[in-house]
Amino acid sequence: KQRVLTGITTTGTPHLGNYVGAIRPAIAASRDTSTESFFFLADYHALIKCQDPDHVAQSSREIAATWLALGLDIDQAVFYRQSDIREIPELTWILTCNTAKGLMNRAHAYKAAVQDNESAGEDPDFGITMGLFNYPILMAADILMFNAHKVPVGRDQTQHLEMARDIAQRFNHNYKEMFTLPEAVVDDSVAVLQGLDGRKMSKSYGNTIPLFLPEKQLKKHINKIKTNLLEPGEPKDPDDSTVFQVWSAFASEEETARMRSEFENGIAWGEAKKQLFELVNGELAAAREEYNRLLDDPDYIESVLQRGAEKARAHSAPLLAQVREAVGIRSMS
Ligand code: TYM
């Protein structure tokens with residue numbers, strides 16, 4: 001069976017970008033009975049960016065409730081919290097010892113942090129933890145631990161997938177063929193969903209539209225999407241518009257084509273945003289209710305995650321035993 005795997009870092013409330021880039025395609029893929037799905041809360045990754053324990057715990061509950069509310073079938077998929085899989089940090093170390101430092105020097109997130117320091121006239125390493133530096137190796141361990149074939153992600157994660165392949169190849173070459181080489185699956189139409197200001201929608205830019213905002217707030221957020229000053233009746237370029245980009249991430253092909261001609265015919269921004277709100281709200285309203293209900297039931301969420309961890313460990317424990325044997329340290333069995 002083909003294995004599909006993806007994770008979300010637990011450092012905030014999930015937003016429309018996470019939904020269209022990762023959660024929606026992942027849930028769709030998990031409905032295909034010829035695949036096996038592994039979805040998880042990347043809470044070890046959260047520690048890299050966030051040292052507020054309440055925030056990490058709250059975000060874990062919110063992201064778990066999001067997957068469940070959107071209809072993830074937990075009998076079919078393995079749904080777990082990264083930190084419950086104790087084999088992951090152990091595999092991370094073994095992979096760390098097989099990974100060239102030069103490969104990590106090239107990671108975009110690390111390079112961006114160094115560059116920011118340099119342009120601020122700081123020491124290049126200022127504020128950079130080994131967690132940030134090693135981030136791609138932990139992510140490789142997440143993926144290789146379950147021998148995933150396909151990893152649905154947004155475009156921003158494709159470099160990490162290439163690194164996971166490099167790391168797997170190097171291990172396979174140094175020891176023996178053990179790891180599947182994973183592939184990123186990027187939906188090109190929504191590879192990078194734009195945020196309110198037109199840049200990539202991202203928690204770190206503060207430009208997100210949270211997925212399950214109450215209806216009124218959702219409307220307010222959509223009204224805040226940046227547009228140009230063109231008046232009603234003046235033709236607008238759909239390919240240069242965040243409103244249109246978000247529209248096409250939610251609408252059918254026909255509806256996208258219709259909106260494209262409305263733009264060319266000079267639809268007013270207010271009208272385009274009103275229709276966008278109705279579309280997005282229509283897709284999310286039922287799940288939002290379920291989400292709010294689930295957030296009031298943390299014990300249920302915890303029990304789902306515990307069951308998921310058990311299922312995940314049935315795969316990770318035997319794999320780690322083989323890895324330990326392959327590298328010549330005591331086998332766990
Ligand atoms: P994270 O938590 O930043 O984002 C979760 C997923 O959402 C996608 N995404 C977007 N897609 C389209 N448009 C956007 N504006 C947008 N913003 C975020 C991301 O590409 C991602 O797919 N390192 C990962 C989490 C992770 C992981 C893994 C993923 C840890 N281990 C193993 C896959 C496999 C991250 O920080 O994603």
# chains A, B, ... in the order shown; residues from 1 in each chain; ligands from 1
call {"tool": "residues_around", "arguments": {"residues": "Gly154 (chain A)", "least_positions_apart": "2", "cutoff": "12 Å", "atoms": "only C-alpha atoms", "output": "MDAnalysis selection string"}}
result
chainID A and resid 6:8 16:26 151:152 156:161 184:194 200:202
call {"tool": "residues_around", "arguments": {"residues": "Asn174 (chain A)", "least_positions_apart": "3", "cutoff": "10 Å", "atoms": "only C-alpha atoms", "output": "MDAnalysis selection string"}}
result
chainID A and resid 98 168:171 177 326:327
call {"tool": "write_last_selection", "arguments": {"atoms": "N, CA and C atoms", "output": "compact mmCIF listing (two decimals), in the first residue's frame"}}
result
# COMPACT_ATOMS: atom_id res chain seq x y z
N ASN A 98 24.42 10.71 10.34
CA ASN A 98 24.60 10.37 8.93
C ASN A 98 24.35 11.54 8.01
N ALA A 168 17.79 9.81 3.56
CA ALA A 168 17.43 8.39 3.40
C ALA A 168 18.44 7.68 2.49
N GLN A 169 18.77 8.36 1.38
CA GLN A 169 19.70 7.75 0.43
C GLN A 169 21.05 7.48 1.07
N ARG A 170 21.49 8.46 1.86
CA ARG A 170 22.80 8.30 2.47
C ARG A 170 22.79 7.14 3.47
N PHE A 171 21.71 7.05 4.23
CA PHE A 171 21.62 5.94 5.19
C PHE A 171 21.59 4.61 4.44
N GLU A 177 19.57 -0.96 2.42
CA GLU A 177 18.31 -0.40 1.92
C GLU A 177 17.25 -0.54 3.00
N ALA A 326 20.94 -2.41 12.21
CA ALA A 326 21.71 -2.05 11.01
C ALA A 326 22.95 -1.22 11.37
N VAL A 327 22.84 -0.34 12.39
CA VAL A 327 23.99 0.52 12.71
C VAL A 327 24.90 -0.10 13.77
call {"tool": "atom_distance", "arguments": {"atom1": "CA of Thr10 (chain A)", "atom2": "CA of Arg165 (chain A)"}}
result
24.2 Å
call {"tool": "residues_around", "arguments": {"residues": "Ile209 (chain A)", "least_positions_apart": "3", "cutoff": "8 Å", "atoms": "only C-alpha atoms", "output": "list in words"}}
result
His15, Leu16, Gly195, Leu196, Met201, Leu213, Leu218, His221 and Ile222 of chain A
call {"tool": "write_last_selection", "arguments": {"atoms": "N, CA and C atoms", "output": "mmCIF file, in the first residue's frame"}}
result
data_model
loop_
_atom_site.group_PDB
_atom_site.id
_atom_site.type_symbol
_atom_site.label_atom_id
_atom_site.label_comp_id
_atom_site.auth_asym_id
_atom_site.auth_seq_id
_atom_site.Cartn_x
_atom_site.Cartn_y
_atom_site.Cartn_z
ATOM 1 N N HIS A 15 -4.748 27.820 9.859
ATOM 2 C CA HIS A 15 -5.303 28.864 8.991
ATOM 3 C C HIS A 15 -5.640 28.292 7.614
ATOM 4 N N LEU A 16 -6.206 29.135 6.773
ATOM 5 C CA LEU A 16 -6.643 28.665 5.453
ATOM 6 C C LEU A 16 -5.496 28.065 4.637
ATOM 7 N N GLY A 195 -1.742 35.542 2.103
ATOM 8 C CA GLY A 195 -2.411 36.067 3.290
ATOM 9 C C GLY A 195 -3.000 37.453 3.033
ATOM 10 N N LEU A 196 -3.476 38.092 4.114
ATOM 11 C CA LEU A 196 -4.177 39.375 3.999
ATOM 12 C C LEU A 196 -3.376 40.436 3.248
ATOM 13 N N MET A 201 0.577 33.283 3.223
ATOM 14 C CA MET A 201 -0.146 33.265 4.499
ATOM 15 C C MET A 201 0.678 32.467 5.499
ATOM 16 N N LEU A 213 -12.642 30.783 12.347
ATOM 17 C CA LEU A 213 -13.117 32.038 12.931
ATOM 18 C C LEU A 213 -14.638 32.029 12.965
ATOM 19 N N LEU A 218 -14.818 36.060 10.341
ATOM 20 C CA LEU A 218 -14.351 35.580 9.037
ATOM 21 C C LEU A 218 -14.640 36.645 7.984
ATOM 22 N N HIS A 221 -12.221 39.495 8.379
ATOM 23 C CA HIS A 221 -10.889 39.166 7.862
ATOM 24 C C HIS A 221 -10.882 39.228 6.337
ATOM 25 N N ILE A 222 -11.900 38.632 5.723
ATOM 26 C CA ILE A 222 -11.934 38.624 4.254
ATOM 27 C C ILE A 222 -12.009 40.059 3.731
#
call {"tool": "select_by_dssp", "arguments": {"residues": "region 109-224 of chain A", "states": "alpha helix (DSSP H)", "output": "PDB file with N, CA and C atoms, in the first residue's frame"}}
result
ATOM      1  N   ALA A 109      15.190  27.952   6.048  1.00  0.00           N
ATOM      2  CA  ALA A 109      14.766  28.592   7.306  1.00  0.00           C
ATOM      3  C   ALA A 109      15.993  29.066   8.091  1.00  0.00           C
ATOM      4  N   TYR A 110      17.024  28.218   8.102  1.00  0.00           N
ATOM      5  CA  TYR A 110      18.251  28.567   8.815  1.00  0.00           C
ATOM      6  C   TYR A 110      18.963  29.732   8.106  1.00  0.00           C
ATOM      7  N   LYS A 111      19.058  29.625   6.786  1.00  0.00           N
ATOM      8  CA  LYS A 111      19.741  30.683   6.044  1.00  0.00           C
ATOM      9  C   LYS A 111      19.050  32.039   6.211  1.00  0.00           C
ATOM     10  N   ALA A 112      17.707  31.993   6.243  1.00  0.00           N
ATOM     11  CA  ALA A 112      16.956  33.245   6.406  1.00  0.00           C
ATOM     12  C   ALA A 112      17.257  33.853   7.775  1.00  0.00           C
ATOM     13  N   ALA A 113      17.365  33.009   8.804  1.00  0.00           N
ATOM     14  CA  ALA A 113      17.643  33.530  10.149  1.00  0.00           C
ATOM     15  C   ALA A 113      19.030  34.168  10.195  1.00  0.00           C
ATOM     16  N   VAL A 114      20.005  33.527   9.535  1.00  0.00           N
ATOM     17  CA  VAL A 114      21.364  34.086   9.501  1.00  0.00           C
ATOM     18  C   VAL A 114      21.354  35.430   8.763  1.00  0.00           C
ATOM     19  N   GLN A 115      20.644  35.439   7.655  1.00  0.00           N
ATOM     20  CA  GLN A 115      20.597  36.673   6.856  1.00  0.00           C
ATOM     21  C   GLN A 115      19.958  37.823   7.625  1.00  0.00           C
ATOM     22  N   ASP A 116      18.866  37.500   8.327  1.00  0.00           N
ATOM     23  CA  ASP A 116      18.212  38.540   9.140  1.00  0.00           C
ATOM     24  C   ASP A 116      19.195  39.103  10.154  1.00  0.00           C
ATOM     25  N   ASN A 117      19.958  38.220  10.791  1.00  0.00           N
ATOM     26  CA  ASN A 117      20.947  38.684  11.763  1.00  0.00           C
ATOM     27  C   ASN A 117      21.974  39.592  11.101  1.00  0.00           C
ATOM     28  N   GLU A 118      22.448  39.154   9.935  1.00  0.00           N
ATOM     29  CA  GLU A 118      23.490  39.940   9.270  1.00  0.00           C
ATOM     30  C   GLU A 118      22.962  41.306   8.868  1.00  0.00           C
ATOM     31  N   SER A 119      21.728  41.335   8.367  1.00  0.00           N
ATOM     32  CA  SER A 119      21.248  42.669   7.961  1.00  0.00           C
ATOM     33  C   SER A 119      20.939  43.544   9.167  1.00  0.00           C
ATOM     34  N   MET A 130      20.117  25.013  18.119  1.00  0.00           N
ATOM     35  CA  MET A 130      20.414  23.793  17.370  1.00  0.00           C
ATOM     36  C   MET A 130      19.118  23.146  16.886  1.00  0.00           C
ATOM     37  N   GLY A 131      18.023  23.434  17.576  1.00  0.00           N
ATOM     38  CA  GLY A 131      16.724  22.925  17.123  1.00  0.00           C
ATOM     39  C   GLY A 131      16.401  23.446  15.728  1.00  0.00           C
ATOM     40  N   LEU A 132      16.585  24.753  15.543  1.00  0.00           N
ATOM     41  CA  LEU A 132      16.314  25.330  14.217  1.00  0.00           C
ATOM     42  C   LEU A 132      17.258  24.724  13.176  1.00  0.00           C
ATOM     43  N   PHE A 133      18.513  24.591  13.562  1.00  0.00           N
ATOM     44  CA  PHE A 133      19.501  24.063  12.616  1.00  0.00           C
ATOM     45  C   PHE A 133      19.181  22.614  12.216  1.00  0.00           C
ATOM     46  N   ASN A 134      18.771  21.819  13.202  1.00  0.00           N
ATOM     47  CA  ASN A 134      18.506  20.390  12.950  1.00  0.00           C
ATOM     48  C   ASN A 134      17.098  20.087  12.455  1.00  0.00           C
ATOM     49  N   TYR A 135      16.282  21.097  12.387  1.00  0.00           N
ATOM     50  CA  TYR A 135      14.867  20.930  12.036  1.00  0.00           C
ATOM     51  C   TYR A 135      14.630  19.939  10.886  1.00  0.00           C
ATOM     52  N   PRO A 136      15.369  20.063   9.752  1.00  0.00           N
ATOM     53  CA  PRO A 136      15.081  19.131   8.644  1.00  0.00           C
ATOM     54  C   PRO A 136      15.385  17.669   8.987  1.00  0.00           C
ATOM     55  N   ILE A 137      16.275  17.430   9.939  1.00  0.00           N
ATOM     56  CA  ILE A 137      16.595  16.022  10.274  1.00  0.00           C
ATOM     57  C   ILE A 137      15.452  15.426  11.096  1.00  0.00           C
ATOM     58  N   LEU A 138      14.905  16.224  12.005  1.00  0.00           N
ATOM     59  CA  LEU A 138      13.736  15.757  12.761  1.00  0.00           C
ATOM     60  C   LEU A 138      12.583  15.481  11.791  1.00  0.00           C
ATOM     61  N   MET A 139      12.420  16.346  10.815  1.00  0.00           N
ATOM     62  CA  MET A 139      11.345  16.151   9.846  1.00  0.00           C
ATOM     63  C   MET A 139      11.599  14.904   8.996  1.00  0.00           C
ATOM     64  N   ALA A 140      12.865  14.662   8.650  1.00  0.00           N
ATOM     65  CA  ALA A 140      13.189  13.438   7.899  1.00  0.00           C
ATOM     66  C   ALA A 140      12.839  12.213   8.738  1.00  0.00           C
ATOM     67  N   ALA A 141      13.141  12.270  10.041  1.00  0.00           N
ATOM     68  CA  ALA A 141      12.822  11.127  10.908  1.00  0.00           C
ATOM     69  C   ALA A 141      11.311  10.888  10.960  1.00  0.00           C
ATOM     70  N   ASP A 142      10.529  11.978  11.013  1.00  0.00           N
ATOM     71  CA  ASP A 142       9.062  11.827  11.005  1.00  0.00           C
ATOM     72  C   ASP A 142       8.607  11.003   9.803  1.00  0.00           C
ATOM     73  N   ILE A 143       9.219  11.302   8.677  1.00  0.00           N
ATOM     74  CA  ILE A 143       8.764  10.730   7.404  1.00  0.00           C
ATOM     75  C   ILE A 143       9.315   9.316   7.214  1.00  0.00           C
ATOM     76  N   LEU A 144      10.623   9.162   7.493  1.00  0.00           N
ATOM     77  CA  LEU A 144      11.275   7.872   7.228  1.00  0.00           C
ATOM     78  C   LEU A 144      10.824   6.810   8.227  1.00  0.00           C
ATOM     79  N   THR A 158       9.017  21.957   0.323  1.00  0.00           N
ATOM     80  CA  THR A 158       9.601  20.997  -0.624  1.00  0.00           C
ATOM     81  C   THR A 158      11.105  20.816  -0.410  1.00  0.00           C
ATOM     82  N   GLN A 159      11.781  21.849   0.033  1.00  0.00           N
ATOM     83  CA  GLN A 159      13.222  21.669   0.281  1.00  0.00           C
ATOM     84  C   GLN A 159      13.442  20.621   1.394  1.00  0.00           C
ATOM     85  N   HIS A 160      12.577  20.646   2.399  1.00  0.00           N
ATOM     86  CA  HIS A 160      12.720  19.666   3.480  1.00  0.00           C
ATOM     87  C   HIS A 160      12.509  18.239   2.971  1.00  0.00           C
ATOM     88  N   LEU A 161      11.630  18.100   2.004  1.00  0.00           N
ATOM     89  CA  LEU A 161      11.405  16.766   1.431  1.00  0.00           C
ATOM     90  C   LEU A 161      12.619  16.298   0.636  1.00  0.00           C
ATOM     91  N   GLU A 162      13.244  17.245  -0.083  1.00  0.00           N
ATOM     92  CA  GLU A 162      14.471  16.870  -0.808  1.00  0.00           C
ATOM     93  C   GLU A 162      15.548  16.440   0.179  1.00  0.00           C
ATOM     94  N   MET A 163      15.625  17.142   1.294  1.00  0.00           N
ATOM     95  CA  MET A 163      16.629  16.783   2.301  1.00  0.00           C
ATOM     96  C   MET A 163      16.324  15.416   2.893  1.00  0.00           C
ATOM     97  N   ALA A 164      15.045  15.125   3.129  1.00  0.00           N
ATOM     98  CA  ALA A 164      14.671  13.815   3.676  1.00  0.00           C
ATOM     99  C   ALA A 164      15.097  12.708   2.707  1.00  0.00           C
ATOM    100  N   ARG A 165      14.949  12.969   1.417  1.00  0.00           N
ATOM    101  CA  ARG A 165      15.394  11.972   0.430  1.00  0.00           C
ATOM    102  C   ARG A 165      16.907  11.789   0.485  1.00  0.00           C
ATOM    103  N   ASP A 166      17.621  12.910   0.552  1.00  0.00           N
ATOM    104  CA  ASP A 166      19.097  12.822   0.638  1.00  0.00           C
ATOM    105  C   ASP A 166      19.516  12.027   1.865  1.00  0.00           C
ATOM    106  N   ILE A 167      18.861  12.317   2.978  1.00  0.00           N
ATOM    107  CA  ILE A 167      19.236  11.660   4.229  1.00  0.00           C
ATOM    108  C   ILE A 167      18.945  10.152   4.128  1.00  0.00           C
ATOM    109  N   ALA A 168      17.790   9.806   3.558  1.00  0.00           N
ATOM    110  CA  ALA A 168      17.435   8.391   3.404  1.00  0.00           C
ATOM    111  C   ALA A 168      18.436   7.685   2.491  1.00  0.00           C
ATOM    112  N   GLN A 169      18.772   8.361   1.379  1.00  0.00           N
ATOM    113  CA  GLN A 169      19.697   7.751   0.429  1.00  0.00           C
ATOM    114  C   GLN A 169      21.047   7.479   1.067  1.00  0.00           C
ATOM    115  N   ARG A 170      21.488   8.457   1.856  1.00  0.00           N
ATOM    116  CA  ARG A 170      22.797   8.297   2.467  1.00  0.00           C
ATOM    117  C   ARG A 170      22.795   7.144   3.468  1.00  0.00           C
ATOM    118  N   PHE A 171      21.714   7.046   4.232  1.00  0.00           N
ATOM    119  CA  PHE A 171      21.620   5.938   5.193  1.00  0.00           C
ATOM    120  C   PHE A 171      21.586   4.613   4.437  1.00  0.00           C
ATOM    121  N   ASN A 172      20.741   4.525   3.424  1.00  0.00           N
ATOM    122  CA  ASN A 172      20.619   3.282   2.648  1.00  0.00           C
ATOM    123  C   ASN A 172      21.971   2.880   2.063  1.00  0.00           C
ATOM    124  N   HIS A 173      22.723   3.882   1.635  1.00  0.00           N
ATOM    125  CA  HIS A 173      24.016   3.613   1.022  1.00  0.00           C
ATOM    126  C   HIS A 173      25.037   3.180   2.077  1.00  0.00           C
ATOM    127  N   ASN A 174      25.051   3.861   3.218  1.00  0.00           N
ATOM    128  CA  ASN A 174      26.042   3.543   4.249  1.00  0.00           C
ATOM    129  C   ASN A 174      25.762   2.205   4.922  1.00  0.00           C
ATOM    130  N   GLU A 215     -18.286  33.343  12.220  1.00  0.00           N
ATOM    131  CA  GLU A 215     -18.709  33.886  10.932  1.00  0.00           C
ATOM    132  C   GLU A 215     -18.419  35.385  10.747  1.00  0.00           C
ATOM    133  N   LYS A 216     -18.776  36.174  11.769  1.00  0.00           N
ATOM    134  CA  LYS A 216     -18.602  37.632  11.658  1.00  0.00           C
ATOM    135  C   LYS A 216     -17.143  38.008  11.459  1.00  0.00           C
ATOM    136  N   GLN A 217     -16.310  37.319  12.246  1.00  0.00           N
ATOM    137  CA  GLN A 217     -14.867  37.588  12.180  1.00  0.00           C
ATOM    138  C   GLN A 217     -14.296  37.162  10.841  1.00  0.00           C
ATOM    139  N   LEU A 218     -14.818  36.060  10.341  1.00  0.00           N
ATOM    140  CA  LEU A 218     -14.351  35.580   9.037  1.00  0.00           C
ATOM    141  C   LEU A 218     -14.640  36.645   7.984  1.00  0.00           C
ATOM    142  N   LYS A 219     -15.845  37.188   8.067  1.00  0.00           N
ATOM    143  CA  LYS A 219     -16.235  38.233   7.118  1.00  0.00           C
ATOM    144  C   LYS A 219     -15.282  39.428   7.243  1.00  0.00           C
ATOM    145  N   LYS A 220     -15.010  39.826   8.488  1.00  0.00           N
ATOM    146  CA  LYS A 220     -14.107  40.968   8.724  1.00  0.00           C
ATOM    147  C   LYS A 220     -12.728  40.708   8.133  1.00  0.00           C
ATOM    148  N   HIS A 221     -12.221  39.495   8.379  1.00  0.00           N
ATOM    149  CA  HIS A 221     -10.889  39.166   7.862  1.00  0.00           C
ATOM    150  C   HIS A 221     -10.882  39.228   6.337  1.00  0.00           C
ATOM    151  N   ILE A 222     -11.900  38.632   5.723  1.00  0.00           N
ATOM    152  CA  ILE A 222     -11.934  38.624   4.254  1.00  0.00           C
ATOM    153  C   ILE A 222     -12.009  40.059   3.731  1.00  0.00           C
ATOM    154  N   ASN A 223     -12.749  40.909   4.435  1.00  0.00           N
ATOM    155  CA  ASN A 223     -12.806  42.324   4.018  1.00  0.00           C
ATOM    156  C   ASN A 223     -11.462  43.027   4.144  1.00  0.00           C
TER     157      ASN A 223
END
call {"tool": "atom_distance", "arguments": {"atom1": "atom 7 (O, counted along the ligand's line) of ligand 1", "atom2": "CA of Phe126 (chain A)"}}
result
27.1 Å
call {"tool": "select_by_dssp", "arguments": {"residues": "region 137-215 of chain A", "states": "strand (DSSP E)", "output": "PyMOL selection string"}}
result
chain A and resi 150-152+183-185
call {"tool": "closest_residue", "arguments": {"among": "A:Ile128, A:Ser34, A:Met104, A:Gly198", "to": "ligand 1", "atoms": "only C-alpha atoms and all ligand atoms"}}
result
A:Gly198
call {"tool": "residues_around", "arguments": {"residues": "Asn292 (chain A)", "least_positions_apart": "3", "cutoff": "10 Å", "atoms": "only C-alpha atoms", "output": "PDB file with C-alpha atoms, in the first residue's frame"}}
result
ATOM      1  CA  GLU A  62      -6.827  23.064  18.251  1.00  0.00           C
ATOM      2  CA  ALA A  65      -9.828  19.207  16.745  1.00  0.00           C
ATOM      3  CA  THR A  66      -9.354  20.681  13.262  1.00  0.00           C
ATOM      4  CA  ALA A  69     -13.861  18.284  12.625  1.00  0.00           C
ATOM      5  CA  PHE A 212     -12.574  28.377  12.147  1.00  0.00           C
ATOM      6  CA  PRO A 214     -16.688  32.821  13.959  1.00  0.00           C
ATOM      7  CA  ALA A 287     -16.946  21.728  10.418  1.00  0.00           C
ATOM      8  CA  ARG A 288     -16.688  24.891  12.538  1.00  0.00           C
ATOM      9  CA  GLU A 289     -19.559  23.755  14.723  1.00  0.00           C
ATOM     10  CA  LEU A 295     -12.604  21.809  21.820  1.00  0.00           C
ATOM     11  CA  ASP A 296     -14.957  21.471  24.770  1.00  0.00           C
ATOM     12  CA  ASP A 297     -14.073  17.803  25.041  1.00  0.00           C
TER      13      ASP A 297
END
call {"tool": "residues_around", "arguments": {"residues": "Gln2 (chain A)", "least_positions_apart": "3", "cutoff": "7 Å", "atoms": "only C-alpha atoms", "output": "number ranges by chain"}}
result
A: 34-36, 149
call {"tool": "write_last_selection", "arguments": {"atoms": "C-alpha atoms", "output": "compact mmCIF listing (two decimals), in the first residue's frame"}}
result
# COMPACT_ATOMS: atom_id res chain seq x y z
CA SER A 34 -5.58 1.77 -1.49
CA THR A 35 -3.48 4.12 0.69
CA GLU A 36 -2.47 4.11 4.33
CA HIS A 149 5.84 7.42 -0.13
